[in-house]
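Enquirer: The structure file final38.txt (compact mmCIF, C-alpha atoms) is provided below.
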# COMPACT_ATOMS: atom_id res chain seq x y z
CA MET X 1 207.82 17.14 84.75
CA THR X 2 204.70 17.48 86.90
CA HIS X 3 202.96 20.38 88.58
CA THR X 4 199.85 20.27 90.78
CA PHE X 5 197.48 23.14 91.56
CA LYS X 6 193.88 23.64 92.64
CA ILE X 7 190.91 25.48 91.18
CA PRO X 8 187.42 25.52 92.73
CA GLY X 9 186.37 21.92 93.31
CA LEU X 10 189.18 20.34 91.26
CA VAL X 11 192.78 19.27 91.63
CA LEU X 12 194.83 19.58 88.43
CA THR X 13 198.19 17.94 87.83
CA ASP X 14 200.16 18.81 84.71
CA HIS X 15 202.43 16.26 83.04
CA VAL X 16 204.92 16.91 80.24
CA LEU X 17 206.87 14.19 78.44
CA SER X 18 209.63 14.54 75.86
CA LEU X 19 208.82 12.02 73.14
CA PRO X 20 210.16 11.14 69.68
CA LEU X 21 208.53 12.88 66.75
CA ASP X 22 209.11 9.70 64.75
CA ARG X 23 208.94 6.50 66.78
CA GLY X 24 210.81 4.73 64.00
CA SER X 25 213.88 6.91 64.49
CA SER X 26 216.06 6.23 67.53
CA ASP X 27 218.04 9.48 67.40
CA GLY X 28 215.67 11.93 65.73
CA GLU X 29 213.85 15.03 66.88
CA THR X 30 211.87 15.02 70.10
CA ILE X 31 208.76 17.02 70.92
CA GLU X 32 206.98 17.82 74.14
CA VAL X 33 203.54 16.33 74.77
CA PHE X 34 201.35 17.75 77.51
CA ALA X 35 198.53 16.17 79.50
CA ARG X 36 196.49 17.50 82.41
CA GLU X 37 195.14 15.20 85.11
CA VAL X 38 191.78 16.38 86.45
CA ALA X 39 190.46 14.96 89.75
CA ALA X 40 187.91 15.71 92.41
CA PRO X 41 189.60 16.55 95.71
CA ASP X 42 188.48 13.20 97.14
CA GLY X 43 189.13 11.29 93.90
CA ARG X 44 192.85 11.56 93.31
CA ASP X 45 193.29 7.80 93.70
CA ARG X 46 190.43 6.81 91.38
CA PRO X 47 191.11 4.88 88.15
CA PHE X 48 192.20 6.87 85.13
CA LEU X 49 189.95 7.80 82.21
CA LEU X 50 191.94 9.02 79.20
CA PHE X 51 189.92 11.62 77.27
CA LEU X 52 190.72 11.89 73.56
CA GLN X 53 188.97 14.88 72.03
CA GLY X 54 187.89 15.62 68.50
CA GLY X 55 190.08 16.95 65.76
CA PRO X 56 192.61 16.22 64.46
CA GLY X 57 194.47 19.21 65.76
CA GLN X 58 192.26 20.25 68.69
CA GLU X 59 193.65 20.77 72.17
CA ALA X 60 191.99 19.26 75.25
CA ASN X 61 189.34 21.01 77.34
CA ARG X 62 190.44 23.57 79.92
CA PRO X 63 188.29 23.00 83.02
CA THR X 64 187.53 26.15 85.00
CA GLY X 65 186.34 24.50 88.18
CA ARG X 66 183.06 23.48 89.67
CA PRO X 67 180.16 23.93 89.25
CA SER X 68 181.02 25.24 85.77
CA ALA X 69 182.66 22.00 84.60
CA PRO X 70 180.98 20.28 81.62
CA ALA X 71 178.30 17.84 82.75
CA TRP X 72 180.09 14.88 81.14
CA LEU X 73 183.22 15.71 83.14
CA GLU X 74 181.21 15.90 86.36
CA ARG X 75 179.85 12.43 85.59
CA ALA X 76 183.30 11.11 84.77
CA LEU X 77 184.79 12.39 88.02
CA ARG X 78 182.37 10.28 90.05
CA ASP X 79 184.19 7.17 88.83
CA PHE X 80 187.53 8.43 87.52
CA ARG X 81 190.26 10.95 87.47
CA VAL X 82 190.49 12.21 83.89
CA LEU X 83 193.66 12.64 81.84
CA MET X 84 193.17 15.28 79.16
CA LEU X 85 195.81 14.93 76.46
CA ASP X 86 196.88 17.85 74.30
CA GLN X 87 197.43 15.74 71.22
CA ARG X 88 200.77 16.38 69.56
CA GLY X 89 200.85 19.67 67.73
CA THR X 90 198.16 21.28 69.92
CA GLY X 91 197.75 23.26 73.12
CA LEU X 92 200.75 23.06 75.46
CA SER X 93 202.31 20.24 73.46
CA THR X 94 204.92 21.41 70.95
CA PRO X 95 202.63 23.29 68.55
CA TYR X 96 202.42 22.86 64.81
CA GLY X 97 202.52 26.14 62.98
CA ALA X 98 204.46 27.80 65.79
CA PRO X 99 206.02 31.24 65.28
CA GLY X 100 208.90 30.99 62.84
CA SER X 101 207.47 28.01 60.96
CA VAL X 102 204.89 29.86 58.86
CA PRO X 103 205.05 29.70 55.95
CA PRO X 104 206.85 26.36 55.96
CA ALA X 105 210.29 26.82 54.46
CA ASP X 106 210.30 23.33 53.00
CA PRO X 107 206.81 21.99 52.19
CA ALA X 108 208.09 18.46 51.49
CA ALA X 109 209.85 18.30 54.87
CA ASP X 110 206.83 19.78 56.61
CA ALA X 111 204.53 17.24 54.96
CA GLU X 112 206.82 14.41 56.05
CA ARG X 113 206.72 15.80 59.58
CA LEU X 114 202.94 15.77 59.56
CA THR X 115 202.85 12.06 58.75
CA HIS X 116 203.70 11.65 62.46
CA TYR X 117 200.59 13.46 63.73
CA ARG X 118 197.87 10.92 63.03
CA ALA X 119 195.96 8.62 65.37
CA ASP X 120 198.77 6.05 65.44
CA ALA X 121 201.27 8.56 66.84
CA ILE X 122 198.72 9.91 69.33
CA VAL X 123 198.11 6.42 70.68
CA GLN X 124 201.85 5.88 71.09
CA ASP X 125 201.98 9.12 73.09
CA ALA X 126 199.06 7.92 75.22
CA GLU X 127 200.91 4.69 75.93
CA ALA X 128 203.93 6.70 77.06
CA PHE X 129 201.72 8.57 79.55
CA ARG X 130 200.13 5.34 80.77
CA GLN X 131 203.56 3.94 81.53
CA HIS X 132 204.73 7.24 83.03
CA LEU X 133 201.75 7.20 85.42
CA GLY X 134 202.29 3.55 86.35
CA VAL X 135 198.85 2.48 85.13
CA GLU X 136 198.34 -1.13 84.09
CA ARG X 137 195.06 -0.57 82.26
CA TRP X 138 192.87 2.46 81.88
CA SER X 139 189.52 3.48 80.46
CA VAL X 140 189.29 5.66 77.35
CA LEU X 141 186.64 8.12 76.18
CA GLY X 142 186.95 9.07 72.52
CA GLN X 143 184.90 11.98 71.14
CA SER X 144 184.74 12.21 67.32
CA PHE X 145 188.36 11.92 66.07
CA GLY X 146 189.19 10.76 69.59
CA GLY X 147 187.09 7.70 68.77
CA PHE X 148 189.29 7.08 65.72
CA CYS X 149 192.28 7.12 68.06
CA SER X 150 190.45 4.80 70.46
CA LEU X 151 189.75 2.23 67.74
CA HIS X 152 193.40 2.29 66.70
CA TYR X 153 194.26 1.79 70.37
CA LEU X 154 192.08 -1.34 70.36
CA SER X 155 193.92 -2.53 67.24
CA VAL X 156 197.44 -2.18 68.62
CA ALA X 157 197.33 -2.27 72.43
CA PRO X 158 194.04 -3.76 73.70
CA ASP X 159 195.75 -5.14 76.81
CA SER X 160 196.25 -1.55 77.99
CA LEU X 161 192.50 -0.86 77.97
CA ARG X 162 189.96 -1.57 80.68
CA GLU X 163 186.95 -0.23 78.71
CA VAL X 164 186.34 2.18 75.84
CA PHE X 165 183.53 4.71 75.35
CA PHE X 166 182.90 6.18 71.88
CA THR X 167 180.81 9.31 71.28
CA GLY X 168 180.19 10.16 67.64
CA GLY X 169 183.45 8.55 66.73
CA VAL X 170 183.31 4.92 65.61
CA PRO X 171 185.30 5.23 62.37
CA PRO X 172 184.87 3.20 59.19
CA VAL X 173 187.23 0.27 58.74
CA GLY X 174 188.41 -0.80 55.31
CA ARG X 175 185.99 1.52 53.52
CA PRO X 176 187.21 3.52 50.50
CA VAL X 177 187.58 7.14 51.49
CA ASP X 178 185.36 8.17 48.56
CA ASP X 179 182.49 6.09 49.98
CA ILE X 180 182.85 7.90 53.27
CA TYR X 181 182.67 11.39 51.81
CA SER X 182 179.82 10.45 49.49
CA ALA X 183 177.83 9.39 52.55
CA THR X 184 178.55 12.65 54.36
CA PHE X 185 177.25 14.67 51.41
CA ASP X 186 174.03 12.63 51.48
CA THR X 187 173.57 13.46 55.17
CA MET X 188 174.34 17.13 54.57
CA ARG X 189 171.73 17.28 51.84
CA ARG X 190 169.15 15.95 54.29
CA LEU X 191 170.21 18.42 56.98
CA ASN X 192 169.99 21.31 54.50
CA HIS X 193 166.42 20.39 53.64
CA ARG X 194 165.55 20.01 57.32
CA TYR X 195 166.99 23.44 58.04
CA HIS X 196 164.89 25.17 55.40
CA ARG X 197 161.74 23.42 56.60
CA HIS X 198 162.42 24.77 60.08
CA PHE X 199 163.49 28.27 58.95
CA PRO X 200 161.65 28.83 55.64
CA GLU X 201 162.42 32.56 55.62
CA ASP X 202 166.16 31.86 55.53
CA GLY X 203 166.12 30.70 51.91
CA ASP X 204 165.87 34.29 50.67
CA ARG X 205 168.41 35.48 53.25
CA LEU X 206 170.90 32.86 52.13
CA ARG X 207 170.42 33.69 48.45
CA ARG X 208 171.01 37.39 49.12
CA LEU X 209 174.09 36.58 51.18
CA LEU X 210 175.61 34.37 48.49
CA ASP X 211 174.86 36.98 45.81
CA LEU X 212 176.70 39.56 47.93
CA CYS X 213 179.63 37.14 48.21
CA ASP X 214 179.68 36.81 44.41
CA ALA X 215 179.77 40.62 44.17
CA GLY X 216 182.72 40.79 46.60
CA GLU X 217 180.72 42.75 49.16
CA VAL X 218 181.06 40.36 52.13
CA ARG X 219 184.36 40.59 53.92
CA GLY X 220 186.01 38.77 56.79
CA PRO X 221 187.72 40.31 59.82
CA ASP X 222 190.90 40.62 57.71
CA GLY X 223 189.06 42.82 55.21
CA LEU X 224 189.34 40.26 52.42
CA PRO X 225 186.29 39.11 50.42
CA ILE X 226 184.58 35.87 51.46
CA THR X 227 183.82 33.67 48.46
CA ARG X 228 180.51 31.91 47.95
CA ARG X 229 182.05 28.48 48.35
CA LEU X 230 183.80 29.45 51.56
CA MET X 231 180.61 30.98 52.93
CA ARG X 232 178.75 27.74 52.24
CA THR X 233 181.02 25.88 54.67
CA ILE X 234 179.03 27.35 57.57
CA GLY X 235 176.87 24.25 57.01
CA ASN X 236 179.46 22.52 59.18
CA LEU X 237 177.33 23.80 62.07
CA PHE X 238 174.38 21.67 60.97
CA GLY X 239 176.13 18.65 62.43
CA LYS X 240 175.95 19.97 65.99
CA ASP X 241 173.13 20.40 68.44
CA GLY X 242 172.24 24.09 68.31
CA GLY X 243 174.10 24.51 65.03
CA ALA X 244 171.06 25.12 62.85
CA GLU X 245 169.97 27.86 65.23
CA ALA X 246 173.47 29.37 65.07
CA VAL X 247 173.27 29.52 61.26
CA HIS X 248 169.83 31.14 61.51
CA TYR X 249 171.12 33.81 63.89
CA LEU X 250 174.06 34.43 61.57
CA LEU X 251 171.76 34.91 58.56
CA GLU X 252 169.69 37.40 60.56
CA ARG X 253 172.66 39.78 60.73
CA ASP X 254 173.62 42.40 58.17
CA PRO X 255 176.33 40.57 56.19
CA ARG X 256 178.31 43.79 55.83
CA SER X 257 178.55 44.38 59.58
CA PRO X 258 181.67 43.75 61.69
CA ALA X 259 179.69 41.42 63.95
CA PHE X 260 178.74 39.26 60.98
CA ALA X 261 182.36 39.12 59.79
CA HIS X 262 183.61 37.81 63.12
CA ASP X 263 180.75 35.38 63.70
CA CYS X 264 181.07 34.07 60.16
CA ALA X 265 184.82 33.48 60.44
CA ALA X 266 184.25 31.58 63.69
CA ALA X 267 181.75 29.31 61.91
CA PHE X 268 184.16 28.16 59.20
CA PRO X 269 185.45 24.65 59.95
CA PHE X 270 188.94 25.22 58.51
CA ASN X 271 191.01 28.35 59.14
CA ALA X 272 194.46 29.57 60.05
CA ARG X 273 193.77 29.45 63.78
CA ASN X 274 194.28 25.71 63.48
CA PRO X 275 196.22 24.85 60.30
CA LEU X 276 196.91 21.34 61.58
CA TYR X 277 193.20 20.49 61.40
CA ALA X 278 193.08 21.54 57.75
CA ALA X 279 196.38 20.00 56.72
CA ILE X 280 195.76 16.45 57.96
CA HIS X 281 191.97 16.32 58.18
CA GLU X 282 191.32 13.91 55.31
CA SER X 283 194.11 11.61 56.46
CA SER X 284 191.84 10.62 59.36
CA TYR X 285 189.86 8.53 56.86
CA ALA X 286 192.89 7.23 54.97
CA ASP X 287 193.00 3.63 56.19
CA GLY X 288 195.88 2.51 53.98
CA VAL X 289 195.23 4.79 50.98
CA PRO X 290 195.89 8.33 49.70
CA THR X 291 192.90 10.69 49.81
CA ARG X 292 193.64 12.86 46.73
CA TRP X 293 191.11 15.51 47.83
CA SER X 294 188.35 12.95 48.19
CA ALA X 295 185.60 15.36 49.27
CA GLU X 296 186.30 17.53 46.26
CA ARG X 297 186.34 14.61 43.83
CA VAL X 298 183.06 13.06 45.00
CA GLU X 299 181.14 16.29 45.59
CA PRO X 300 177.68 15.73 44.03
CA ASP X 301 176.54 17.91 41.15
CA ASP X 302 173.87 19.63 43.25
CA PHE X 303 176.58 20.89 45.64
CA ARG X 304 178.84 22.31 42.92
CA GLY X 305 179.12 25.73 41.36
CA ASP X 306 176.54 28.31 42.38
CA SER X 307 174.68 25.85 44.60
CA GLU X 308 172.93 27.12 47.71
CA LEU X 309 173.46 23.83 49.56
CA LEU X 310 175.74 24.31 52.58
CA THR X 311 178.66 21.95 52.97
CA GLY X 312 179.94 20.31 56.15
CA GLU X 313 183.29 18.99 57.34
CA HIS X 314 184.46 18.76 53.74
CA LEU X 315 188.01 19.86 52.97
CA PHE X 316 188.61 21.21 49.46
CA SER X 317 191.87 22.17 47.77
CA TRP X 318 190.47 25.67 47.30
CA HIS X 319 190.41 26.17 51.08
CA PHE X 320 194.13 26.89 50.69
CA GLU X 321 193.32 29.58 48.12
CA ASP X 322 190.20 31.26 49.49
CA ASP X 323 191.41 31.49 53.10
CA ALA X 324 194.42 33.80 53.16
CA GLY X 325 195.65 32.34 56.44
CA LEU X 326 195.78 28.83 54.96
CA GLN X 327 197.56 29.83 51.75
CA PRO X 328 201.06 29.21 53.22
CA TYR X 329 200.06 25.56 53.77
CA ARG X 330 198.84 24.92 50.22
CA GLU X 331 201.86 22.95 49.04
CA VAL X 332 202.03 20.95 52.26
CA ALA X 333 198.37 19.98 51.96
CA SER X 334 198.80 19.04 48.29
CA ILE X 335 201.70 16.71 49.14
CA LEU X 336 199.72 15.09 51.95
CA ALA X 337 196.76 14.55 49.63
CA GLU X 338 198.99 12.19 47.61
CA GLN X 339 200.48 10.48 50.67
CA GLU X 340 200.08 6.68 50.79
CA TRP X 341 199.03 6.38 54.42
CA PRO X 342 199.56 3.20 56.46
CA ARG X 343 196.63 1.22 57.78
CA LEU X 344 195.17 2.39 61.07
CA PHE X 345 192.84 -0.50 61.87
CA ASP X 346 193.22 -4.27 61.72
CA PRO X 347 189.80 -5.91 61.36
CA ALA X 348 191.19 -9.35 62.18
CA VAL X 349 192.54 -8.08 65.50
CA LEU X 350 189.42 -6.07 66.26
CA ALA X 351 187.22 -9.12 65.71
CA GLN X 352 189.10 -10.86 68.54
CA VAL X 353 189.30 -7.97 71.03
CA ASP X 354 187.21 -8.63 74.15
CA VAL X 355 187.58 -5.19 75.77
CA PRO X 356 184.16 -3.92 76.93
CA CYS X 357 183.05 -1.02 74.73
CA ALA X 358 179.98 1.16 74.25
CA ALA X 359 179.27 3.72 71.55
CA ALA X 360 176.82 6.56 71.07
CA ILE X 361 176.09 6.50 67.33
CA TYR X 362 174.13 9.52 66.15
CA ALA X 363 171.60 8.77 63.41
CA ASP X 364 172.01 12.10 61.58
CA ASP X 365 175.72 12.65 62.16
CA PRO X 366 177.28 14.26 59.04
CA PHE X 367 180.81 13.92 60.42
CA VAL X 368 180.92 10.16 61.13
CA ASP X 369 178.41 8.15 59.10
CA ARG X 370 175.94 6.09 61.09
CA GLN X 371 175.94 3.11 58.68
CA PHE X 372 179.71 2.67 58.74
CA SER X 373 179.82 3.07 62.53
CA GLU X 374 177.23 0.33 62.93
CA GLU X 375 179.26 -1.98 60.68
CA VAL X 376 182.31 -1.56 62.89
CA ALA X 377 180.27 -1.87 66.07
CA ASP X 378 179.16 -5.30 64.82
CA LEU X 379 182.81 -6.23 64.30
CA LEU X 380 183.79 -5.70 67.95
CA PRO X 381 182.77 -8.61 70.25
CA GLY X 382 182.68 -6.41 73.36
CA MET X 383 180.75 -3.52 71.82
CA ARG X 384 177.29 -2.37 72.90
CA PRO X 385 176.10 0.34 70.49
CA TRP X 386 173.47 2.94 71.27
CA LEU X 387 171.89 4.37 68.12
CA THR X 388 170.05 7.61 68.85
CA ASP X 389 168.53 10.55 67.01
CA GLU X 390 168.29 12.63 70.18
CA TYR X 391 171.68 14.24 69.59
CA LEU X 392 173.97 15.30 66.80
CA HIS X 393 177.75 15.03 66.67
CA ASN X 394 178.36 17.03 69.85
CA GLY X 395 176.00 14.96 72.01
CA LEU X 396 178.71 14.48 74.65
CA GLY X 397 178.69 18.21 75.28
CA SER X 398 175.03 18.97 74.66
CA GLY X 399 173.54 15.92 76.39
CA GLY X 400 174.59 16.82 79.91
CA ASP X 401 175.77 13.79 81.84
CA ARG X 402 173.26 11.44 80.19
CA VAL X 403 175.42 10.31 77.25
CA LEU X 404 178.45 9.25 79.27
CA ASP X 405 176.31 7.83 82.07
CA ARG X 406 174.50 5.60 79.60
CA LEU X 407 177.74 4.43 77.98
CA ILE X 408 179.21 3.54 81.36
CA GLY X 409 176.06 1.57 82.18
CA LEU X 410 176.12 -0.23 78.83
CA THR X 411 179.76 -1.16 79.18
CA ARG X 412 179.36 -2.46 82.72
CA GLY X 413 176.10 -4.32 82.06
CA THR X 414 173.89 -2.23 84.34
CA ILE X 415 171.75 -1.13 81.37
How would this structure read if it were set down as structure tokens?
Expert:
Amino acid sequence: MTHTFKIPGLVLTDHVLSLPLDRGSSDGETIEVFAREVAAPDGRDRPFLLFLQGGPGQEANRPTGRPSAPAWLERALRDFRVLMLDQRGTGLSTPYGAPGSVPPADPAADAERLTHYRADAIVQDAEAFRQHLGVERWSVLGQSFGGFCSLHYLSVAPDSLREVFFTGGVPPVGRPVDDIYSATFDTMRRLNHRYHRHFPEDGDRLRRLLDLCDAGEVRGPDGLPITRRLMRTIGNLFGKDGGAEAVHYLLERDPRSPAFAHDCAAAFPFNARNPLYAAIHESSYADGVPTRWSAERVEPDDFRGDSELLTGEHLFSWHFEDDAGLQPYREVASILAEQEWPRLFDPAVLAQVDVPCAAAIYADDPFVDRQFSEEVADLLPGMRPWLTDEYLHNGLGSGGDRVLDRLIGLTRGTI
């Protein structure tokens, strides 16, 4: 099914495919997967760029026209038409956590269902769209988790790819998941110290806020108390350009005000607005292993208990206790934490892939560790990495058109 319409300066074409939930089952359940083709009015015959956004569990961007389109999209449209995929379970694709499915009636069945929502299934969906559109090879831009999907794509279907651009998303290959989370805590410790150097007055504000949380006097929009450990997850913002400033502005507010409650809830990385992100988050790093609540197990002593250090994109089992909206997913998440996940990446294949690639690797990225990204960049023969401390994890969005423009130049040998 396709539908084309226009908004200022853009032509949008919607595509919907009915695809198997489980590719290994010939007669099982099907789901709908949605993608939106975005083109300049004079660029509807340009090559395709598949955009894979961060997540897991995040829908694609919704462009509102020009000149308000993101700068990276404006740059992309000079060379491409862009296919924005609502990854399965998100957006206009068949949603996970749809009305009638919360709480899950059968946690074991729901957990089994979610084993079909990782990068491997997303790449299979992308291949279905490539074939549907009659494209022999296309370019791919992977932001964050979208880069994880892109690397899997290179592992299983490199002949479908013309070139691949990674932004903050070259994943580790063959690394124990505990090593990965240990590295992210080290980066978060550094970002915490940097924050307090920049905003020295916020130390007292943060202590007062956490004391109020301990006393049960800070409440969310639902009226329920916010625990200290849940409050500390606002450190997730430290990994983004402008995030430290956002935390500072949050700490300026009266923590008992309605405005604080809403702004605070919006800053938490895991919540009921997107249960899919919480339920399968750690599986993104499970390259052939179970995670068993890795972030919780390797959390350093200085982050535990009544610590004032803010945490980042770290999922803990207590998220499904402290956040009332996530409580219905507690059993599902516990089952998935013990899941023996299949491998996502084949280093032997990747070492032979000659697809041109370029990657923006952010030096202080607490989401995707710089050291592990550089290791994998060295593995890929066609990769040209760009290590930079100019941006944090959201450099694609905050860097205007410069990040994508540089990656295109690196991939095509003009830089």
Enquirer: Between atom CA of X:Arg130 and atom CA of X:His393, what is the distance, to one decimal in Å?
Expert: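 These two atoms are separated by 28.2 Å.
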Enquirer: Counting all atoms listed in the file, figure out which residue out of X:Ala351, X:Ala272, X:Cys264, X:Leu344 gets nearest to X:Phe320.
Expert: X:Ala272
Enquirer: Would you please work out which residue, of X:Ala278, X:Ala246, X:Val123, X:Leu224, is nearest to X:Gln58 when using all atoms listed in the file?
Expert: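 For X:Gln58, the nearest of the given residues is X:Ala278.
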Enquirer: Please return, as JSON, numbers by chain, all polymer residues that have at least one atom within 12 Å of the point (178.7, 8.3, 53.0); use all atoms listed in the file and the file's own coordinate frame.
Expert: {"X": [171, 172, 175, 176, 177, 178, 179, 180, 181, 182, 183, 184, 185, 186, 187, 188, 189, 285, 294, 295, 298, 299, 300, 314, 364, 365, 366, 367, 368, 369, 370, 371, 372, 373]}
Enquirer: So which residues touch stretch 132-148 of chain X within 8 Å, counting only C-alpha atoms, skipping near sequence neighbours fewer than 6 positions away, as a PyMOL selection string?
Expert: chain X and resi 47-56+119+159-171+284+368+393+396
Enquirer: Store the residues picked out above, limited to C-alpha atoms, as a PDB file, in the coordinates of the input.
Expert:
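Ended up saving to again17.pdb:
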ATOM      1  CA  PRO X  47     191.110   4.880  88.150  1.00  0.00           C
ATOM      2  CA  PHE X  48     192.200   6.870  85.130  1.00  0.00           C
ATOM      3  CA  LEU X  49     189.950   7.800  82.210  1.00  0.00           C
ATOM      4  CA  LEU X  50     191.940   9.020  79.200  1.00  0.00           C
ATOM      5  CA  PHE X  51     189.920  11.620  77.270  1.00  0.00           C
ATOM      6  CA  LEU X  52     190.720  11.890  73.560  1.00  0.00           C
ATOM      7  CA  GLN X  53     188.970  14.880  72.030  1.00  0.00           C
ATOM      8  CA  GLY X  54     187.890  15.620  68.500  1.00  0.00           C
ATOM      9  CA  GLY X  55     190.080  16.950  65.760  1.00  0.00           C
ATOM     10  CA  PRO X  56     192.610  16.220  64.460  1.00  0.00           C
ATOM     11  CA  ALA X 119     195.960   8.620  65.370  1.00  0.00           C
ATOM     12  CA  ASP X 159     195.750  -5.140  76.810  1.00  0.00           C
ATOM     13  CA  SER X 160     196.250  -1.550  77.990  1.00  0.00           C
ATOM     14  CA  LEU X 161     192.500  -0.860  77.970  1.00  0.00           C
ATOM     15  CA  ARG X 162     189.960  -1.570  80.680  1.00  0.00           C
ATOM     16  CA  GLU X 163     186.950  -0.230  78.710  1.00  0.00           C
ATOM     17  CA  VAL X 164     186.340   2.180  75.840  1.00  0.00           C
ATOM     18  CA  PHE X 165     183.530   4.710  75.350  1.00  0.00           C
ATOM     19  CA  PHE X 166     182.900   6.180  71.880  1.00  0.00           C
ATOM     20  CA  THR X 167     180.810   9.310  71.280  1.00  0.00           C
ATOM     21  CA  GLY X 168     180.190  10.160  67.640  1.00  0.00           C
ATOM     22  CA  GLY X 169     183.450   8.550  66.730  1.00  0.00           C
ATOM     23  CA  VAL X 170     183.310   4.920  65.610  1.00  0.00           C
ATOM     24  CA  PRO X 171     185.300   5.230  62.370  1.00  0.00           C
ATOM     25  CA  SER X 284     191.840  10.620  59.360  1.00  0.00           C
ATOM     26  CA  VAL X 368     180.920  10.160  61.130  1.00  0.00           C
ATOM     27  CA  HIS X 393     177.750  15.030  66.670  1.00  0.00           C
ATOM     28  CA  LEU X 396     178.710  14.480  74.650  1.00  0.00           C
TER      29      LEU X 396
END
Enquirer: Show which residues sit within 10 Å of X:Val33, as a ChimeraX atom specification. Count only C-alpha atoms, and ignore same-chain residues fewer than 5 positions away.
Expert: /X:15-20,85-95,122,125-126,128-129
Enquirer: Could you give me, as a PDB file with C-alpha atoms, keeping the file's coordinate frame, the residues within 10 Å of X:Val218, counting all atoms listed in the file and dropping anything in the same chain fewer than 4 positions from it?
Expert:
ATOM      1  CA  LEU X 209     174.090  36.580  51.180  1.00  0.00           C
ATOM      2  CA  LEU X 210     175.610  34.370  48.490  1.00  0.00           C
ATOM      3  CA  ASP X 211     174.860  36.980  45.810  1.00  0.00           C
ATOM      4  CA  LEU X 212     176.700  39.560  47.930  1.00  0.00           C
ATOM      5  CA  CYS X 213     179.630  37.140  48.210  1.00  0.00           C
ATOM      6  CA  ASP X 214     179.680  36.810  44.410  1.00  0.00           C
ATOM      7  CA  GLY X 223     189.060  42.820  55.210  1.00  0.00           C
ATOM      8  CA  LEU X 224     189.340  40.260  52.420  1.00  0.00           C
ATOM      9  CA  PRO X 225     186.290  39.110  50.420  1.00  0.00           C
ATOM     10  CA  ILE X 226     184.580  35.870  51.460  1.00  0.00           C
ATOM     11  CA  THR X 227     183.820  33.670  48.460  1.00  0.00           C
ATOM     12  CA  ARG X 228     180.510  31.910  47.950  1.00  0.00           C
ATOM     13  CA  MET X 231     180.610  30.980  52.930  1.00  0.00           C
ATOM     14  CA  ASP X 254     173.620  42.400  58.170  1.00  0.00           C
ATOM     15  CA  PRO X 255     176.330  40.570  56.190  1.00  0.00           C
ATOM     16  CA  ARG X 256     178.310  43.790  55.830  1.00  0.00           C
ATOM     17  CA  SER X 257     178.550  44.380  59.580  1.00  0.00           C
ATOM     18  CA  PHE X 260     178.740  39.260  60.980  1.00  0.00           C
ATOM     19  CA  ALA X 261     182.360  39.120  59.790  1.00  0.00           C
TER      20      ALA X 261
END
Enquirer: Counting all atoms listed in the file, which residue out of X:His262, X:Arg297, X:Arg330, X:Arg253 sits closest to X:Arg208?
Expert: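 Of the candidates, the smallest distance to X:Arg208 is held by X:Arg253.
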Enquirer: Could you check which of X:Ala267, X:Met383, X:Pro328, X:Asp401 is closest to X:Ala69, using all atoms listed in the file?
Expert: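 Among the listed residues, the smallest separation from X:Ala69 belongs to X:Asp401.
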Enquirer: When you draw a straight line from atom CA of X:Glu338 to atom CA of X:Asp120, how long is it in Å?
Expert: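 Those two atoms sit 18.9 Å apart.
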Enquirer: In Å, rounded to a single decimal, give me how far atom CA of X:Glu127 is from atom CA of X:Asp45.
Expert: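 Distance between the two atoms: 19.6 Å.
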Enquirer: Edge lengths and centre in Å to one decimal, as lines of an AutoDock Vina configuration file, of the axis-aligned box that encloses all listed atoms of stretch 131-147 of chain X with 8 Å added on every side?
Expert:
center_x = 194.7
center_y = 5.5
center_z = 76.2
size_x = 36.0
size_y = 29.3
size_z = 36.3
Enquirer: I want to know what sits within 10 Å of X:Arg23, based on all atoms listed in the file, with residues of the same chain fewer than 6 positions away left out; could you give that as a list in words?
Expert: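 Everything that qualifies: Glu29, Thr30, His116, Ala121, Gln124 and Asp125 of chain X.
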Enquirer: Which residue out of X:Phe270, X:Leu309, X:Val349, X:Val355 has the minimum interatomic distance to X:Asp322 when all atoms listed in the file are used?
Expert: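 The shortest atom-to-atom distance to X:Asp322 comes from X:Phe270.
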Enquirer: Of the residues X:Trp341, X:Phe268, X:Trp386, X:Pro347, which is the one nearest to X:Ile361, using only C-alpha atoms?
Expert: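 Using only C-alpha atoms, X:Ile361 sits closest to X:Trp386.
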Enquirer: List every protein, DNA or RNA residue that has an atom no more than 12 Å from (172.0, 14.0, 74.0) in the file's coordinate frame, counting only C-alpha atoms, and report them as an MDAnalysis selection string.
Expert: chainID X and resid 71:72 167:168 240:242 360:363 386:407
Enquirer: Can you tell me, as a list in words, what residues are no more than 12 Å from X:Gln327 when counting all atoms listed in the file, ignoring any on the same chain fewer than 5 positions away?
Expert: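 The neighbour list is Val102, Pro103, Pro104, Phe270, Asn271, Ala272, Pro275, Ala278, Ala279, Ser317, Trp318, His319, Phe320, Glu321, Asp322, Val332, Ala333 and Ser334 of chain X.
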